[in-house]
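Here is entry34.cif, consisting of mmCIF, C-alpha atoms:
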```cif
data_structure
loop_
_atom_site.label_atom_id
_atom_site.label_comp_id
_atom_site.auth_asym_id
_atom_site.auth_seq_id
_atom_site.Cartn_x
_atom_site.Cartn_y
_atom_site.Cartn_z
CA MET A 1305 -12.31 -16.82 -84.10
CA GLU A 1306 -14.50 -13.70 -84.09
CA LEU A 1307 -17.48 -13.24 -86.40
CA VAL A 1308 -19.16 -9.90 -87.07
CA ASN A 1309 -22.14 -8.77 -89.10
CA PRO A 1310 -20.56 -6.91 -92.08
CA TYR A 1311 -23.12 -4.13 -91.64
CA PHE A 1312 -21.66 -3.47 -88.23
CA ILE A 1313 -18.15 -2.78 -89.57
CA THR A 1314 -17.76 0.97 -90.03
CA PRO A 1315 -21.48 1.75 -90.16
CA SER A 1316 -22.91 5.05 -91.39
CA THR A 1317 -23.40 7.89 -88.93
CA ASP A 1318 -27.14 7.17 -88.77
CA PHE A 1319 -26.48 3.60 -87.63
CA GLU A 1320 -29.51 1.75 -86.26
CA TYR A 1321 -29.97 -1.96 -85.67
CA SER A 1322 -33.34 -1.75 -87.44
CA ASN A 1323 -31.51 -1.11 -90.73
CA GLU A 1324 -29.93 -4.57 -90.76
CA ARG A 1325 -29.92 -6.63 -93.94
CA LYS A 1326 -32.55 -9.25 -94.66
CA ASP A 1327 -32.33 -12.76 -96.15
CA THR A 1328 -28.67 -13.15 -95.24
CA VAL A 1329 -26.61 -16.29 -95.82
CA LEU A 1330 -25.28 -18.00 -92.70
CA LEU A 1331 -22.43 -20.37 -93.43
CA PRO A 1332 -21.69 -23.39 -91.22
CA TYR A 1333 -18.86 -23.09 -88.73
CA THR A 1334 -16.53 -25.32 -90.77
CA GLU A 1335 -16.82 -22.97 -93.75
CA LEU A 1336 -16.57 -19.81 -91.69
CA LYS A 1337 -13.26 -21.03 -90.25
CA SER A 1338 -11.83 -21.36 -93.77
CA LEU A 1339 -12.72 -17.82 -94.92
CA PRO A 1340 -10.05 -15.10 -95.12
CA THR A 1341 -10.41 -12.58 -92.29
CA VAL A 1342 -11.39 -8.94 -92.69
CA ARG A 1343 -8.86 -6.68 -90.97
CA VAL A 1344 -10.39 -4.13 -88.60
CA ASP A 1345 -8.98 -1.80 -85.97
CA SER A 1346 -9.56 -2.06 -82.22
CA TYR A 1347 -12.98 -0.41 -82.61
CA LEU A 1348 -14.22 -2.57 -85.51
CA ASN A 1349 -13.52 -0.01 -88.22
CA ILE A 1350 -12.28 -1.60 -91.45
CA LEU A 1351 -8.67 -0.98 -92.36
CA LYS A 1352 -8.55 0.93 -95.65
CA GLU A 1353 -6.22 -1.44 -97.45
CA LYS A 1354 -6.92 -2.36 -101.09
CA GLU A 1355 -7.04 -6.14 -100.75
CA ASN A 1356 -8.90 -5.88 -97.47
CA SER A 1357 -11.53 -3.57 -98.98
CA ILE A 1358 -11.99 -5.90 -101.96
CA LEU A 1359 -12.49 -8.88 -99.64
CA PHE A 1360 -15.02 -6.97 -97.57
CA GLU A 1361 -16.96 -5.93 -100.68
CA GLU A 1362 -17.06 -9.56 -101.83
CA TYR A 1363 -18.59 -10.62 -98.53
CA LEU A 1364 -21.17 -7.84 -98.80
CA LYS A 1365 -22.15 -8.99 -102.30
CA LYS A 1366 -22.56 -12.57 -101.05
CA ASN A 1367 -24.79 -11.22 -98.26
CA TYR A 1368 -23.11 -13.22 -95.50
CA ARG A 1369 -24.74 -12.70 -92.15
CA VAL A 1370 -21.39 -12.75 -90.35
CA VAL A 1371 -17.78 -12.71 -91.55
CA PRO A 1372 -14.53 -13.53 -89.72
CA ILE A 1373 -12.44 -10.60 -88.54
CA VAL A 1374 -9.04 -10.02 -87.04
CA ARG A 1375 -8.47 -6.95 -84.90
CA VAL A 1376 -5.26 -5.06 -85.74
CA SER A 1377 -4.02 -2.32 -83.46
CA ALA A 1378 -2.27 0.81 -84.68
CA PHE A 1379 -0.68 1.28 -81.27
CA THR A 1380 3.11 1.41 -81.19
CA PRO A 1381 4.39 -0.75 -78.31
CA LYS A 1382 6.86 0.80 -75.89
CA PRO A 1383 9.81 -1.37 -74.87
CA ASP A 1384 9.72 -0.04 -71.31
CA TYR A 1385 6.00 -0.41 -70.60
CA PRO A 1386 3.24 -3.03 -71.06
CA THR A 1387 0.93 -2.74 -74.04
CA ARG A 1388 -2.11 -4.68 -72.77
CA VAL A 1389 -3.04 -5.09 -69.10
CA LEU A 1390 -5.40 -7.48 -67.33
CA LEU A 1391 -6.32 -5.90 -64.00
CA GLU A 1392 -8.00 -8.55 -61.87
CA MET A 1393 -10.77 -6.81 -59.95
CA THR A 1394 -11.44 -9.98 -57.97
CA SER A 1395 -10.27 -13.59 -57.94
CA ARG A 1396 -13.63 -14.72 -56.52
CA CYS A 1397 -16.17 -16.41 -58.79
CA ASN A 1398 -19.71 -17.75 -58.44
CA GLN A 1399 -19.20 -20.66 -60.85
CA ASN A 1400 -16.81 -23.58 -61.12
CA CYS A 1401 -16.46 -24.27 -64.85
CA ILE A 1402 -14.61 -27.44 -65.81
CA MET A 1403 -12.21 -25.79 -68.31
CA CYS A 1404 -11.20 -22.93 -65.99
CA PRO A 1405 -7.82 -22.96 -64.19
CA ARG A 1406 -9.66 -21.98 -61.01
CA GLN A 1407 -9.76 -25.75 -60.42
CA GLN A 1408 -6.08 -25.43 -59.49
CA LEU A 1409 -6.10 -21.92 -58.00
CA LYS A 1410 -3.83 -21.81 -54.95
CA ARG A 1411 -3.59 -18.09 -54.27
CA GLU A 1412 -6.09 -16.30 -52.04
CA LYS A 1413 -9.53 -15.59 -53.44
CA LYS A 1414 -10.02 -11.90 -52.73
CA ASP A 1415 -11.18 -8.54 -54.05
CA MET A 1416 -8.59 -5.97 -55.08
CA GLU A 1417 -8.49 -3.00 -52.74
CA PRO A 1418 -10.18 -0.02 -54.48
CA SER A 1419 -7.20 2.21 -53.67
CA LEU A 1420 -4.81 -0.23 -55.35
CA PHE A 1421 -7.09 -0.58 -58.38
CA LYS A 1422 -7.19 3.21 -58.77
CA LYS A 1423 -3.44 3.50 -58.30
CA CYS A 1424 -2.86 1.07 -61.15
CA VAL A 1425 -5.42 2.75 -63.42
CA ASP A 1426 -3.87 6.17 -62.77
CA GLU A 1427 -0.41 4.99 -63.78
CA LEU A 1428 -1.67 3.12 -66.84
CA ASP A 1429 -3.64 6.15 -68.00
CA ASN A 1430 -0.66 8.42 -67.45
CA LYS A 1431 1.67 6.15 -69.43
CA VAL A 1432 -0.92 5.32 -72.16
CA ILE A 1433 -1.66 1.68 -73.03
CA ASP A 1434 -3.48 -0.22 -75.78
CA GLY A 1435 -6.14 -2.01 -73.80
CA LEU A 1436 -7.35 -2.67 -70.28
CA TRP A 1437 -9.23 -5.81 -69.20
CA ILE A 1438 -10.86 -5.27 -65.78
CA TYR A 1439 -11.10 -8.99 -65.13
CA ASN A 1440 -9.02 -12.14 -65.20
CA ILE A 1441 -9.94 -15.27 -63.26
CA GLY A 1442 -12.93 -13.98 -61.29
CA GLU A 1443 -16.40 -12.50 -61.80
CA SER A 1444 -15.90 -8.73 -61.57
CA LEU A 1445 -19.55 -8.05 -60.72
CA LEU A 1446 -18.93 -9.69 -57.34
CA HIS A 1447 -16.60 -6.85 -56.30
CA PRO A 1448 -18.54 -4.74 -53.76
CA ASN A 1449 -17.14 -1.55 -55.32
CA PHE A 1450 -17.79 -2.48 -58.94
CA PRO A 1451 -19.93 0.62 -59.74
CA GLU A 1452 -17.34 2.98 -58.27
CA LEU A 1453 -14.43 1.31 -60.05
CA LEU A 1454 -16.33 1.18 -63.36
CA ASP A 1455 -16.93 4.94 -63.09
CA TYR A 1456 -13.26 5.47 -62.31
CA VAL A 1457 -12.06 3.59 -65.36
CA SER A 1458 -14.64 5.41 -67.51
CA SER A 1459 -13.20 8.77 -66.47
CA LYS A 1460 -9.82 8.02 -68.08
CA GLN A 1461 -8.74 8.81 -71.64
CA HIS A 1462 -5.62 6.77 -72.40
CA LEU A 1463 -6.41 3.14 -71.60
CA GLY A 1464 -7.26 2.00 -75.12
CA PRO A 1465 -10.24 -0.36 -75.56
CA ILE A 1466 -11.66 -1.31 -72.16
CA TRP A 1467 -13.03 -4.82 -71.65
CA SER A 1468 -15.37 -6.28 -69.06
CA SER A 1469 -16.70 -9.83 -68.87
CA SER A 1470 -19.35 -11.87 -67.08
CA ASN A 1471 -20.67 -15.40 -66.81
CA GLY A 1472 -24.15 -13.86 -66.60
CA LYS A 1473 -25.16 -15.11 -63.18
CA GLU A 1474 -25.10 -11.67 -61.53
CA LEU A 1475 -25.66 -9.60 -64.67
CA SER A 1476 -28.93 -7.99 -63.57
CA GLU A 1477 -30.71 -5.28 -65.54
CA HIS A 1478 -29.26 -2.77 -63.09
CA PHE A 1479 -25.68 -3.83 -63.85
CA SER A 1480 -26.47 -4.06 -67.57
CA ARG A 1481 -27.62 -0.45 -67.78
CA MET A 1482 -24.65 0.67 -65.69
CA ILE A 1483 -22.14 -0.97 -68.05
CA ILE A 1484 -23.92 0.20 -71.21
CA GLU A 1485 -23.94 3.80 -69.93
CA SER A 1486 -20.23 3.61 -69.07
CA GLU A 1487 -17.23 4.03 -71.39
CA MET A 1488 -16.74 0.27 -71.72
CA THR A 1489 -15.62 -0.76 -75.22
CA PHE A 1490 -16.30 -4.51 -75.14
CA MET A 1491 -18.64 -6.55 -72.96
CA ASN A 1492 -17.69 -10.21 -73.13
CA MET A 1493 -20.38 -12.76 -72.25
CA SER A 1494 -19.50 -16.41 -71.65
CA VAL A 1495 -22.42 -18.41 -73.03
CA ASN A 1496 -20.45 -21.69 -73.23
CA ALA A 1497 -23.40 -23.91 -74.23
CA MET A 1498 -26.69 -23.90 -76.09
CA THR A 1499 -28.62 -26.41 -73.97
CA SER A 1500 -29.06 -26.71 -70.23
CA ASP A 1501 -27.67 -30.27 -70.25
CA THR A 1502 -24.40 -29.23 -71.86
CA TYR A 1503 -24.21 -26.09 -69.73
CA ASN A 1504 -24.53 -28.10 -66.53
CA LYS A 1505 -21.66 -30.33 -67.65
CA ILE A 1506 -19.49 -27.25 -68.10
CA SER A 1507 -20.77 -25.19 -65.16
CA PRO A 1508 -22.23 -27.62 -62.59
CA ASP A 1509 -25.13 -26.40 -60.46
CA SER A 1510 -25.61 -23.29 -62.60
CA ASP A 1511 -28.81 -21.91 -64.11
CA TRP A 1512 -28.64 -21.94 -67.92
CA ASN A 1513 -32.01 -20.17 -68.35
CA ASN A 1514 -30.95 -17.36 -66.02
CA MET A 1515 -27.69 -16.89 -67.94
CA VAL A 1516 -29.45 -16.76 -71.33
CA SER A 1517 -32.10 -14.37 -70.03
CA ASN A 1518 -29.56 -11.99 -68.48
CA PHE A 1519 -27.40 -11.88 -71.61
CA ASP A 1520 -30.43 -11.33 -73.84
CA THR A 1521 -31.55 -8.48 -71.57
CA PHE A 1522 -28.12 -6.86 -71.83
CA ILE A 1523 -28.09 -7.14 -75.64
CA LYS A 1524 -31.66 -5.84 -75.91
CA ILE A 1525 -30.95 -2.79 -73.72
CA LYS A 1526 -27.78 -2.06 -75.66
CA ARG A 1527 -29.54 -2.29 -79.02
CA CYS A 1528 -32.37 -0.03 -77.81
CA SER A 1529 -29.82 2.52 -76.60
CA LYS A 1530 -28.68 3.00 -80.24
CA LYS A 1531 -25.11 3.18 -78.94
CA ARG A 1532 -22.48 1.43 -81.01
CA ARG A 1533 -20.44 0.62 -77.90
CA PRO A 1534 -19.93 -1.33 -75.76
CA PHE A 1535 -19.71 -4.05 -78.37
CA THR A 1536 -21.56 -7.12 -77.17
CA ARG A 1537 -19.34 -10.19 -77.58
CA VAL A 1538 -20.78 -13.63 -76.86
CA GLN A 1539 -18.42 -16.57 -76.71
CA VAL A 1540 -18.17 -20.32 -76.40
CA ILE A 1541 -15.06 -22.39 -75.76
CA ASP A 1542 -14.33 -24.89 -78.51
CA GLN A 1543 -14.27 -27.96 -76.27
CA GLU A 1544 -15.38 -31.53 -76.84
CA CYS A 1545 -18.52 -31.49 -74.72
CA ALA A 1546 -19.92 -28.40 -76.49
CA ARG A 1547 -18.50 -28.61 -80.01
CA HIS A 1548 -21.69 -30.14 -81.40
CA GLU A 1549 -23.56 -26.95 -80.41
CA VAL A 1550 -21.29 -24.39 -82.09
CA ASP A 1551 -23.43 -24.05 -85.25
CA LEU A 1552 -26.53 -23.61 -83.10
CA PHE A 1553 -24.68 -20.99 -81.05
CA ILE A 1554 -23.67 -19.03 -84.17
CA SER A 1555 -27.19 -19.25 -85.59
CA ARG A 1556 -28.71 -18.05 -82.31
CA TYR A 1557 -26.45 -15.03 -81.77
CA ALA A 1558 -25.27 -13.98 -85.25
CA GLY A 1559 -27.01 -10.67 -85.95
CA TRP A 1560 -28.21 -10.42 -82.35
CA ALA A 1561 -24.93 -9.87 -80.55
CA ASP A 1562 -22.32 -7.63 -82.20
CA ILE A 1563 -19.54 -10.24 -82.09
CA VAL A 1564 -19.84 -14.01 -81.99
CA ALA A 1565 -16.66 -15.75 -80.85
CA THR A 1566 -15.35 -19.29 -80.54
CA ASN A 1567 -12.31 -19.43 -78.27
CA THR A 1568 -9.58 -22.04 -78.29
CA LEU A 1569 -9.41 -24.30 -75.25
CA GLU A 1570 -6.22 -23.63 -73.28
CA ALA A 1571 -4.24 -26.14 -71.20
CA PHE A 1572 -2.63 -23.55 -68.88
CA SER A 1573 0.80 -25.20 -68.79
CA ARG A 1574 -0.87 -28.60 -68.46
CA ASP A 1575 -2.40 -27.63 -65.11
CA VAL A 1576 -6.00 -28.19 -66.25
CA ALA A 1577 -6.19 -31.92 -66.93
CA THR A 1578 -9.58 -31.79 -68.67
CA ASN A 1579 -8.13 -29.50 -71.37
CA LEU A 1580 -4.92 -31.37 -72.01
CA ASP A 1581 -5.91 -33.89 -74.69
CA TYR A 1582 -7.41 -31.25 -76.95
CA ALA A 1583 -4.47 -28.86 -76.50
CA GLN A 1584 -1.97 -31.58 -77.40
CA LYS A 1585 -3.79 -32.24 -80.71
CA ARG A 1586 -3.58 -28.63 -81.88
CA GLU A 1587 -1.01 -27.81 -84.53
CA ARG A 1588 1.53 -25.23 -83.43
CA PRO A 1589 4.82 -23.77 -84.69
CA ALA A 1590 7.96 -25.84 -84.13
CA LYS A 1591 9.80 -22.91 -82.58
CA LYS A 1592 8.53 -21.97 -79.13
CA SER A 1593 8.18 -18.21 -79.34
CA CYS A 1594 5.54 -16.84 -76.98
CA ARG A 1595 2.94 -14.48 -78.45
CA ARG A 1596 2.00 -13.19 -74.99
CA VAL A 1597 5.57 -12.07 -74.36
CA LYS A 1598 5.68 -10.42 -77.79
CA ARG A 1599 2.35 -8.68 -77.16
CA GLN A 1600 3.76 -7.26 -73.93
CA ASP A 1601 0.89 -8.47 -71.79
CA LEU A 1602 0.85 -7.73 -68.07
CA LEU A 1603 -1.44 -9.38 -65.54
CA ILE A 1604 -2.04 -7.76 -62.16
CA PHE A 1605 -3.74 -10.11 -59.70
CA SER A 1606 -6.20 -9.02 -57.03
CA ASN A 1607 -3.45 -9.31 -54.39
CA GLY A 1608 -1.18 -6.99 -56.38
CA GLU A 1609 1.23 -9.67 -57.68
CA THR A 1610 2.19 -9.38 -61.35
CA THR A 1611 3.08 -11.81 -64.13
CA PHE A 1612 3.62 -11.73 -67.90
CA CYS A 1613 1.31 -14.64 -68.82
CA ASP A 1614 -2.20 -15.82 -67.88
CA THR A 1615 -0.87 -19.39 -67.89
CA ASP A 1616 0.84 -18.36 -64.66
CA PHE A 1617 -2.54 -17.97 -62.92
CA ASN A 1618 -1.07 -18.72 -59.49
CA GLY A 1619 1.67 -16.12 -59.84
CA THR A 1620 4.50 -18.64 -59.59
CA PHE A 1621 6.85 -16.32 -61.46
CA SER A 1622 5.68 -13.01 -60.02
CA MET A 1623 7.60 -9.98 -61.26
CA GLY A 1624 6.76 -8.22 -57.99
CA ASN A 1625 3.83 -6.51 -56.31
CA VAL A 1626 2.21 -3.19 -57.27
CA ASN A 1627 1.51 -2.53 -53.60
CA SER A 1628 5.18 -1.72 -53.15
CA ASN A 1629 6.40 -0.88 -56.67
CA THR A 1630 5.18 1.00 -59.72
CA ILE A 1631 4.18 -0.91 -62.83
CA PHE A 1632 7.06 0.79 -64.63
CA GLU A 1633 9.58 -0.50 -62.09
CA LEU A 1634 8.27 -4.06 -62.26
CA TRP A 1635 8.11 -4.05 -66.05
CA ASN A 1636 11.74 -3.02 -66.30
CA SER A 1637 12.98 -5.54 -63.74
CA GLU A 1638 15.88 -7.90 -64.37
CA PHE A 1639 13.43 -10.83 -64.25
CA ARG A 1640 11.38 -9.57 -67.18
CA ARG A 1641 14.45 -8.58 -69.19
CA ASN A 1642 15.65 -12.16 -68.83
CA ILE A 1643 12.31 -13.52 -70.10
CA ILE A 1644 12.49 -11.20 -73.13
CA GLU A 1645 16.01 -12.39 -73.95
CA LEU A 1646 15.07 -16.07 -73.59
CA ASN A 1647 12.09 -15.57 -75.89
CA LYS A 1648 14.19 -13.79 -78.53
CA THR A 1649 16.77 -16.56 -78.57
CA GLY A 1650 14.27 -19.45 -78.49
CA ARG A 1651 15.31 -20.60 -75.01
CA LEU A 1652 12.00 -20.33 -73.14
CA ASN A 1653 12.24 -24.03 -72.26
CA GLU A 1654 14.77 -22.96 -69.64
CA VAL A 1655 11.80 -21.57 -67.70
CA GLU A 1656 9.81 -24.35 -66.01
CA LEU A 1657 6.41 -22.73 -66.61
CA CYS A 1658 7.17 -22.14 -70.29
CA ARG A 1659 8.67 -25.60 -70.78
CA ASN A 1660 5.28 -27.20 -70.09
CA CYS A 1661 3.24 -24.65 -72.08
CA LEU A 1662 1.08 -25.74 -75.01
CA ASP A 1663 -0.54 -22.33 -75.51
CA PHE A 1664 2.45 -20.17 -76.46
CA ASP A 1665 1.00 -19.56 -79.94
CA LEU A 1666 -2.39 -18.19 -78.77
#
```
The structure given in the file should be rewritten as structure tokens.
Amino acid sequence: MELVNPYFITPSTDFEYSNERKDTVLLPYTELKSLPTVRVDSYLNILKEKENSILFEEYLKKNYRVVPIVRVSAFTPKPDYPTRVLLEMTSRCNQNCIMCPRQQLKREKKDMEPSLFKKCVDELDNKVIDGLWIYNIGESLLHPNFPELLDYVSSKQHLGPIWSSSNGKELSEHFSRMIIESEMTFMNMSVNAMTSDTYNKISPDSDWNNMVSNFDTFIKIKRCSKKRRPFTRVQVIDQECARHEVDLFISRYAGWADIVATNTLEAFSRDVATNLDYAQKRERPAKKSCRRVKRQDLLIFSNGETTFCDTDFNGTFSMGNVNSNTIFELWNSEFRRNIIELNKTGRLNEVELCRNCLDFDL
């Protein structure tokens, strides 16, 4: 779930954080989850639909500090090309969080070659896509060529919203200013806990105070810049060890960060044992129809291997490698066409990875 300050949705041209509303009402998490969502586009502009506008006006009258949103893209998917792409800058990370599939990562931990990264970005920009995530299972700031690659992505025009993410450990003021001055659309920040004790359970041997300080510095610099983007998005994972801190998290960041998010805990095809119990309790549709397949997601790992689902974090069902093929060629392979057909006919259980999946509806 994503929560946004209503003032931040389609602000006036003279937008300034100093103009924010006072004496707002902050609902508890349980109530926020039950509210109807405001429909916005990929850049947080409200969709001009009658019922949607009425709902938004009601929230404004009630002076809610944050309201739930759902982002709706106007992009028309192409059957012969991916719509959203996760381009893994590196598979290395400086933390070992308990809910992360890195616990079971078998492929090599490496940085993507800059030339391969640029090759992929060039093709994606030429074909036009609806979103590029320059991260996946690693901490992108660890890539030795991060500044160069950030500049390269920023020079393109047809990648849709561009996302970056960090766990905060290496997010220095230098990197913060670099990202804020770039063409990044969203900066995702994994807070994960509101106390050092809980944080150390989730990310052992990590520095909670350093993380909080670095994220606050980023948000402060961004607010002072008077730029609307990149949108600052802070998140926690809705998991048992941190659930009691969600209301504190929302209270702390609502109105400070642009977006406050609570993400569903994933089981990654049952490969992350610590996540399994919670994932099994979630309600899900009876028919197994994968939303990731429908969204036309493509993941490109740091070694160039490709897959259609982030559950396949080890690349077990690789569609091929972008070192030797174009993205277009891999996307139109017989393997992917077979996956599409199985999904349409409700036969994904014929695929071993999909048979074990509990996250097909996310």
Can you spell out as a PyMOL selection string the set of residues that the PyMOL selection byres ((chain A and resi 1423-1439) around 7) selects in the structure I just provided?
chain A and resi 1379+1387-1393+1419-1422+1440-1442+1444+1457+1460-1469
Set the distance at 9 Å and use all atoms listed in the file: which residues neighbour Leu1445 of chain A once local chain neighbours fewer than 5 positions away are removed? I'd like the list as JSON, numbers by chain.
{"A": [1393, 1394, 1450, 1451, 1469, 1470, 1474, 1475, 1479]}
Can I get the residues of segment 1486-1523 of chain A within 12 Å of segment 1338-1353 of chain A, each with the closest pair of atoms and their distance in Å to one decimal, using only C-alpha atoms, sorted chain first then ascending number, as a tab-separated table?
```
residue	atom	partner	partner_atom	distance
A:Met1488	CA	A:Tyr1347	CA	11.5
A:Thr1489	CA	A:Tyr1347	CA	7.9
A:Phe1490	CA	A:Tyr1347	CA	9.1
```
Could you turn the residues from that selection into a file that holds C-alpha atoms, as a PDB file, keeping the file's coordinate frame?
```pdb
ATOM      1  CA  MET A1488     -16.740   0.270 -71.720  1.00  0.00           C
ATOM      2  CA  THR A1489     -15.620  -0.760 -75.220  1.00  0.00           C
ATOM      3  CA  PHE A1490     -16.300  -4.510 -75.140  1.00  0.00           C
TER       4      PHE A1490
END
```
The PyMOL selection byres ((chain A and resi 1494) around 6) - which residues does that actually catch in the file I just gave you? List them as JSON, numbers by chain.
{"A": [1471, 1493, 1495, 1496, 1539]}
Evaluated on this file, the PyMOL selection byres ((chain A and resi 1542) around 10) picks out some residues - which ones are they, written as a list in words?
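Applying the expression gives Asn1496, Gln1539, Val1540, Ile1541, Gln1543, Glu1544, Cys1545, Ala1546, Arg1547, His1548, Glu1549, Val1550, Ala1565, Thr1566, Asn1567, Thr1568, Leu1569, Glu1570 and Tyr1582 of chain A.
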Output C-alpha atoms of each residue in that selection to a file, as an mmCIF file, in the coordinates of the input.
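part_8.cif written:
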```
data_model
loop_
_atom_site.group_PDB
_atom_site.id
_atom_site.type_symbol
_atom_site.label_atom_id
_atom_site.label_comp_id
_atom_site.auth_asym_id
_atom_site.auth_seq_id
_atom_site.Cartn_x
_atom_site.Cartn_y
_atom_site.Cartn_z
ATOM 1 C CA ASN A 1496 -20.450 -21.690 -73.230
ATOM 2 C CA GLN A 1539 -18.420 -16.570 -76.710
ATOM 3 C CA VAL A 1540 -18.170 -20.320 -76.400
ATOM 4 C CA ILE A 1541 -15.060 -22.390 -75.760
ATOM 5 C CA GLN A 1543 -14.270 -27.960 -76.270
ATOM 6 C CA GLU A 1544 -15.380 -31.530 -76.840
ATOM 7 C CA CYS A 1545 -18.520 -31.490 -74.720
ATOM 8 C CA ALA A 1546 -19.920 -28.400 -76.490
ATOM 9 C CA ARG A 1547 -18.500 -28.610 -80.010
ATOM 10 C CA HIS A 1548 -21.690 -30.140 -81.400
ATOM 11 C CA GLU A 1549 -23.560 -26.950 -80.410
ATOM 12 C CA VAL A 1550 -21.290 -24.390 -82.090
ATOM 13 C CA ALA A 1565 -16.660 -15.750 -80.850
ATOM 14 C CA THR A 1566 -15.350 -19.290 -80.540
ATOM 15 C CA ASN A 1567 -12.310 -19.430 -78.270
ATOM 16 C CA THR A 1568 -9.580 -22.040 -78.290
ATOM 17 C CA LEU A 1569 -9.410 -24.300 -75.250
ATOM 18 C CA GLU A 1570 -6.220 -23.630 -73.280
ATOM 19 C CA TYR A 1582 -7.410 -31.250 -76.950
#
```
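Minimum atom-to-atom distances from A:Val1597, A:Arg1588, A:Gly1624, A:Pro1534 to Leu1652 of chain A were compared using only C-alpha atoms, and the lowest value belongs to A:Val1597.
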8 Å contact set for Asn1636 of chain A, all atoms listed in the file, chain neighbours under 4 positions out, as JSON, numbers by chain
{"A": [1384, 1385, 1632, 1640, 1641]}
Return the single residue from A:Arg1556, A:Arg1537, A:Leu1646, A:Glu1452 that is closest to Thr1499 of chain A, with distances computed using all atoms listed in the file.
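Counting all atoms listed in the file, the residue closest to Thr1499 of chain A is A:Arg1556.
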Would you kindly return, as a PDB file with C-alpha atoms, in the frame of the given file, each protein, DNA or RNA residue with an atom no farther than 8 Å from any atom of Asn1367 of chain A, considering all atoms listed in the file and excluding same-chain residues fewer than 6 positions away?
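Below is the file that was written, part.pdb:
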```pdb
ATOM      1  CA  ASP A1327     -32.330 -12.760 -96.150  1.00  0.00           C
ATOM      2  CA  THR A1328     -28.670 -13.150 -95.240  1.00  0.00           C
ATOM      3  CA  VAL A1329     -26.610 -16.290 -95.820  1.00  0.00           C
TER       4      VAL A1329
END
```
Please, could N, CA, C and O atoms be added to segment 1537-1548 of chain A and the result written as a short mmCIF file (atom, residue, chain, number, x, y, z; two decimals), in the frame of the given file?
```cif
data_model
loop_
_atom_site.label_atom_id
_atom_site.label_comp_id
_atom_site.auth_asym_id
_atom_site.auth_seq_id
_atom_site.Cartn_x
_atom_site.Cartn_y
_atom_site.Cartn_z
N ARG A 1537 -20.13 -9.06 -77.06
CA ARG A 1537 -19.34 -10.19 -77.58
C ARG A 1537 -19.74 -11.45 -76.82
O ARG A 1537 -19.45 -11.58 -75.63
N VAL A 1538 -20.41 -12.37 -77.49
CA VAL A 1538 -20.78 -13.63 -76.86
C VAL A 1538 -19.79 -14.70 -77.29
O VAL A 1538 -19.32 -14.68 -78.44
N GLN A 1539 -19.45 -15.60 -76.39
CA GLN A 1539 -18.42 -16.57 -76.71
C GLN A 1539 -18.76 -17.96 -76.20
O GLN A 1539 -19.49 -18.12 -75.22
N VAL A 1540 -18.22 -18.96 -76.89
CA VAL A 1540 -18.17 -20.32 -76.40
C VAL A 1540 -16.71 -20.78 -76.49
O VAL A 1540 -15.94 -20.23 -77.27
N ILE A 1541 -16.37 -21.77 -75.67
CA ILE A 1541 -15.06 -22.39 -75.76
C ILE A 1541 -15.20 -23.62 -76.64
O ILE A 1541 -16.10 -24.44 -76.46
N ASP A 1542 -14.30 -23.75 -77.60
CA ASP A 1542 -14.33 -24.89 -78.51
C ASP A 1542 -13.78 -26.11 -77.78
O ASP A 1542 -12.60 -26.45 -77.87
N GLN A 1543 -14.67 -26.78 -77.02
CA GLN A 1543 -14.27 -27.96 -76.27
C GLN A 1543 -15.19 -29.13 -76.61
O GLN A 1543 -16.31 -28.95 -77.10
N GLU A 1544 -14.71 -30.33 -76.36
CA GLU A 1544 -15.38 -31.53 -76.84
C GLU A 1544 -16.84 -31.63 -76.43
O GLU A 1544 -17.70 -31.98 -77.24
N CYS A 1545 -17.16 -31.30 -75.21
CA CYS A 1545 -18.52 -31.49 -74.72
C CYS A 1545 -19.52 -30.50 -75.31
O CYS A 1545 -20.73 -30.69 -75.20
N ALA A 1546 -19.02 -29.43 -75.95
CA ALA A 1546 -19.92 -28.40 -76.49
C ALA A 1546 -19.76 -28.18 -77.99
O ALA A 1546 -20.52 -27.40 -78.57
N ARG A 1547 -18.82 -28.87 -78.60
CA ARG A 1547 -18.50 -28.61 -80.01
C ARG A 1547 -19.70 -28.85 -80.93
O ARG A 1547 -19.86 -28.17 -81.95
N HIS A 1548 -20.53 -29.82 -80.56
CA HIS A 1548 -21.69 -30.14 -81.40
C HIS A 1548 -22.74 -29.04 -81.39
O HIS A 1548 -23.68 -29.06 -82.19
#
```
